[in-house]
Amino acid sequence: MNTSALRTLSYGLYIVSSRSGEKFNGQIANTIFQVTSDPLRIVASINKENLTHAYIEESGVFTVSVLAADAPMTLIGTFGFKSGRDIDKFSSVSYRTEGTGCPVILEHTLAFLDVTVTDTIDVGTHTLFVGEVTDADVLAEGDPMTYAYYHQVKGGKTPAKAATFLQEDAGRTERKEKDTAAQQRYVCNVCGYIYDPATGDPDEGVPAGTPFEELPETWVCPVCGASKEEFDKV
């Protein structure tokens, strides 16, 4: 079976957020879709291991923030590659709460949906949360971030817990690491990007052959925007 066929399916990029009492958490998700118009209902696919999943199960409510195409990788890195069990993701962004009490991101967000869960479907690693949209609004004009744009233009990675993660992605990463084992590589602890001295970072003017230690202190991860301090030796 050629699972690459699945990459022809279209997705967006969103931040799904929920609450546990006064605490908030959110995560990047790409599997959000409308299923009915009357009543207006959508479905969100969330990994069972994620803190956001636990919050939605507890509260029965969530919001969807529709990201703009110009959303920086640092925002995607915070909500997509860090855990709310370790940090407060909302401490570094502007947000407001909606009728359900859940937060909506106000930065680089085109629109939001406020949702109350009406049903759940267990699909193994993920739960499909079916919810009725109780409020929605457009916050800004612009083009929404698509998953294809995130990968092809921004060079984004797919987290292993994402609904659309394909195992061959991990295989390609492992093969690359083995092929360049002779040089010291560094891995980003935020998103998993590997800096390889053999290739450098040509998009940022870093030529091939540049050791990690010689990168400018202002250099950041080209995938998620993390600083050099977020990298460890492979």
# chains A, B, ... in the order shown; residues from 1 in each chain; ligands from 1
call {"tool": "residues_around", "arguments": {"residues": "stretch 118-126 of chain A", "least_positions_apart": "6", "cutoff": "7 Å", "atoms": "only C-alpha atoms", "output": "list in words"}}
result
Ser45, Ile46, Asn47, Lys48 and Glu132 of chain A
call {"tool": "write_last_selection", "arguments": {"atoms": "C-alpha atoms", "output": "PDB file, in the first residue's frame"}}
result
ATOM      1  CA  SER A  45      -9.444  14.516  16.229  1.00  0.00           C
ATOM      2  CA  ILE A  46      -7.248  14.663  19.357  1.00  0.00           C
ATOM      3  CA  ASN A  47      -4.588  12.212  20.541  1.00  0.00           C
ATOM      4  CA  LYS A  48      -5.541  10.524  23.821  1.00  0.00           C
ATOM      5  CA  GLU A 132     -21.982  21.884  18.332  1.00  0.00           C
TER       6      GLU A 132
END
call {"tool": "residues_around", "arguments": {"residues": "stretch 37-42 of chain A", "least_positions_apart": "3", "cutoff": "8 Å", "atoms": "only C-alpha atoms", "output": "list of chain:residue names"}}
result
A:Ile32, A:Phe33, A:Gln34, A:Val130, A:Gly131, A:Glu132, A:Val133
call {"tool": "write_last_selection", "arguments": {"atoms": "N, CA, C and O atoms", "output": "CSV table (one decimal), in the first residue's frame"}}
result
chain,number,residue,atom,x,y,z
A,32,ILE,N,-9.7,18.9,11.6
A,32,ILE,CA,-10.9,19.6,12.1
A,32,ILE,C,-11.8,19.7,10.8
A,32,ILE,O,-11.4,20.2,9.8
A,33,PHE,N,-13.1,19.3,10.9
A,33,PHE,CA,-13.9,19.4,9.8
A,33,PHE,C,-15.4,19.5,10.2
A,33,PHE,O,-15.8,19.0,11.2
A,34,GLN,N,-16.2,20.2,9.3
A,34,GLN,CA,-17.6,20.4,9.6
A,34,GLN,C,-18.3,19.1,9.1
A,34,GLN,O,-18.0,18.6,8.1
A,130,VAL,N,-17.1,15.2,18.7
A,130,VAL,CA,-18.2,15.9,17.9
A,130,VAL,C,-18.8,17.0,18.7
A,130,VAL,O,-19.1,16.7,19.9
A,131,GLY,N,-18.8,18.2,18.1
A,131,GLY,CA,-19.3,19.3,19.0
A,131,GLY,C,-20.2,20.2,18.2
A,131,GLY,O,-20.0,20.4,17.0
A,132,GLU,N,-21.1,20.9,18.9
A,132,GLU,CA,-22.0,21.9,18.3
A,132,GLU,C,-21.3,23.2,18.5
A,132,GLU,O,-20.9,23.6,19.6
A,133,VAL,N,-21.3,24.0,17.4
A,133,VAL,CA,-20.7,25.3,17.4
A,133,VAL,C,-21.7,26.3,18.0
A,133,VAL,O,-22.7,26.5,17.5
call {"tool": "select_by_dssp", "arguments": {"residues": "stretch 4-228 of chain A", "states": "alpha helix (DSSP H)", "output": "number ranges by chain"}}
result
A: 51-59, 73-81, 147-152, 167-179
call {"tool": "closest_residue", "arguments": {"among": "A:Cys102, A:Val43, A:Ala69, A:Cys224", "to": "A:Glu22", "atoms": "only C-alpha atoms"}}
result
A:Cys102
call {"tool": "select_by_dssp", "arguments": {"residues": "stretch 5-233 of chain A", "states": "strand (DSSP E)", "output": "count of residues only"}}
result
76
call {"tool": "residues_around", "arguments": {"residues": "stretch 77-91 of chain A", "least_positions_apart": "3", "cutoff": "7 Å", "atoms": "only C-alpha atoms", "output": "list of chain:residue names"}}
result
A:Asn25, A:Gly26, A:Gln27, A:Ile28, A:Leu51, A:Met73, A:Thr74, A:Val190, A:Cys191, A:Cys224
call {"tool": "residues_around", "arguments": {"residues": "A:Gly101", "least_positions_apart": "6", "cutoff": "12 Å", "atoms": "only C-alpha atoms", "output": "PyMOL selection string"}}
result
chain A and resi 17-25+56+59-63+95+114-116+135
call {"tool": "residues_around", "arguments": {"residues": "A:Asp201", "least_positions_apart": "2", "cutoff": "12 Å", "atoms": "only C-alpha atoms", "output": "list in words"}}
result
Tyr193, Ile194, Tyr195, Asp196, Pro197, Ala198, Thr199, Asp203, Glu204, Gly205, Val206, Pro207, Ala208, Gly209, Thr210, Pro211, Phe212, Leu215, Pro216, Trp219, Val220, Cys221, Pro222 and Val223 of chain A
call {"tool": "write_last_selection", "arguments": {"atoms": "N, CA, C and O atoms", "output": "compact mmCIF listing (two decimals), in the first residue's frame"}}
result
# COMPACT_ATOMS: atom_id res chain seq x y z
N TYR A 193 13.82 19.01 14.72
CA TYR A 193 14.69 19.35 13.59
C TYR A 193 16.15 19.04 13.94
O TYR A 193 16.60 19.28 15.05
N ILE A 194 16.89 18.47 12.97
CA ILE A 194 18.29 18.14 13.19
C ILE A 194 19.17 19.06 12.36
O ILE A 194 19.04 19.10 11.12
N TYR A 195 20.04 19.80 13.04
CA TYR A 195 21.01 20.62 12.32
C TYR A 195 22.18 19.73 11.93
O TYR A 195 22.85 19.14 12.78
N ASP A 196 22.44 19.66 10.63
CA ASP A 196 23.51 18.82 10.08
C ASP A 196 24.58 19.73 9.49
O ASP A 196 24.32 20.44 8.51
N PRO A 197 25.79 19.73 10.05
CA PRO A 197 26.87 20.57 9.50
C PRO A 197 27.15 20.29 8.03
O PRO A 197 27.64 21.16 7.31
N ALA A 198 26.85 19.08 7.58
CA ALA A 198 27.12 18.73 6.19
C ALA A 198 26.30 19.56 5.20
O ALA A 198 26.72 19.79 4.07
N THR A 199 25.12 20.00 5.63
CA THR A 199 24.26 20.79 4.75
C THR A 199 24.13 22.24 5.20
O THR A 199 23.78 23.10 4.40
N ASP A 203 19.14 28.50 3.63
CA ASP A 203 18.09 29.53 3.59
C ASP A 203 18.43 30.73 4.45
O ASP A 203 17.96 31.84 4.19
N GLU A 204 19.26 30.50 5.47
CA GLU A 204 19.66 31.59 6.36
C GLU A 204 21.12 32.01 6.12
O GLU A 204 21.72 32.71 6.93
N GLY A 205 21.66 31.56 4.99
CA GLY A 205 23.01 31.97 4.63
C GLY A 205 24.11 31.25 5.37
O GLY A 205 25.26 31.71 5.39
N VAL A 206 23.78 30.10 5.99
CA VAL A 206 24.79 29.31 6.70
C VAL A 206 25.31 28.24 5.74
O VAL A 206 24.58 27.33 5.37
N PRO A 207 26.57 28.34 5.31
CA PRO A 207 27.09 27.40 4.31
C PRO A 207 27.31 26.00 4.86
O PRO A 207 27.48 25.81 6.08
N ALA A 208 27.32 25.02 3.97
CA ALA A 208 27.63 23.65 4.35
C ALA A 208 29.02 23.59 4.96
O ALA A 208 29.93 24.31 4.54
N GLY A 209 29.15 22.74 5.97
CA GLY A 209 30.43 22.61 6.66
C GLY A 209 30.56 23.46 7.90
O GLY A 209 31.59 23.41 8.58
N THR A 210 29.51 24.23 8.24
CA THR A 210 29.55 25.09 9.42
C THR A 210 29.18 24.30 10.67
O THR A 210 28.06 23.81 10.78
N PRO A 211 30.10 24.13 11.63
CA PRO A 211 29.77 23.42 12.87
C PRO A 211 28.70 24.18 13.65
O PRO A 211 28.59 25.41 13.55
N PHE A 212 27.93 23.45 14.42
CA PHE A 212 26.87 24.07 15.21
C PHE A 212 27.42 25.15 16.14
O PHE A 212 26.81 26.20 16.32
N LEU A 215 27.65 28.65 14.66
CA LEU A 215 26.45 29.38 14.24
C LEU A 215 26.32 30.66 15.04
O LEU A 215 26.65 30.70 16.23
N PRO A 216 25.83 31.74 14.44
CA PRO A 216 25.62 32.99 15.18
C PRO A 216 24.67 32.77 16.36
O PRO A 216 23.77 31.93 16.29
N TRP A 219 21.06 32.83 15.58
CA TRP A 219 20.46 31.79 14.74
C TRP A 219 19.39 31.04 15.52
O TRP A 219 19.54 30.78 16.72
N VAL A 220 18.30 30.71 14.84
CA VAL A 220 17.21 29.96 15.48
C VAL A 220 16.83 28.78 14.60
O VAL A 220 17.17 28.72 13.41
N CYS A 221 16.14 27.83 15.19
CA CYS A 221 15.67 26.65 14.47
C CYS A 221 14.82 27.09 13.28
O CYS A 221 13.86 27.86 13.45
N PRO A 222 15.15 26.65 12.06
CA PRO A 222 14.36 27.05 10.88
C PRO A 222 12.96 26.47 10.85
O PRO A 222 12.13 26.92 10.06
N VAL A 223 12.68 25.49 11.70
CA VAL A 223 11.35 24.88 11.72
C VAL A 223 10.44 25.57 12.72
O VAL A 223 9.31 25.96 12.39
call {"tool": "residues_around", "arguments": {"residues": "A:Phe231", "least_positions_apart": "6", "cutoff": "6 Å", "atoms": "only C-alpha atoms", "output": "ChimeraX atom specification"}}
result
/A:186-189
call {"tool": "residues_around", "arguments": {"residues": "A:Gly12", "least_positions_apart": "4", "cutoff": "8 Å", "atoms": "only C-alpha atoms", "output": "count of residues only"}}
result
7
call {"tool": "atom_distance", "arguments": {"atom1": "atom CA of A:Ala29", "atom2": "atom CA of A:Tyr14"}}
result
5.3 Å
call {"tool": "closest_residue", "arguments": {"among": "A:His151, A:Arg185, A:Lys233, A:Lys228", "to": "A:Arg7", "atoms": "only C-alpha atoms"}}
result
A:His151
call {"tool": "closest_residue", "arguments": {"among": "A:Ile15, A:His108, A:Pro72, A:Glu58", "to": "A:Leu139", "atoms": "only C-alpha atoms"}}
result
A:His108
call {"tool": "closest_residue", "arguments": {"among": "A:Ser65, A:Thr134, A:Val234, A:Ala71", "to": "A:Arg96", "atoms": "only C-alpha atoms"}}
result
A:Ser65
call {"tool": "atom_distance", "arguments": {"atom1": "atom CA of A:Glu217", "atom2": "atom CA of A:Tyr150"}}
result
25.8 Å
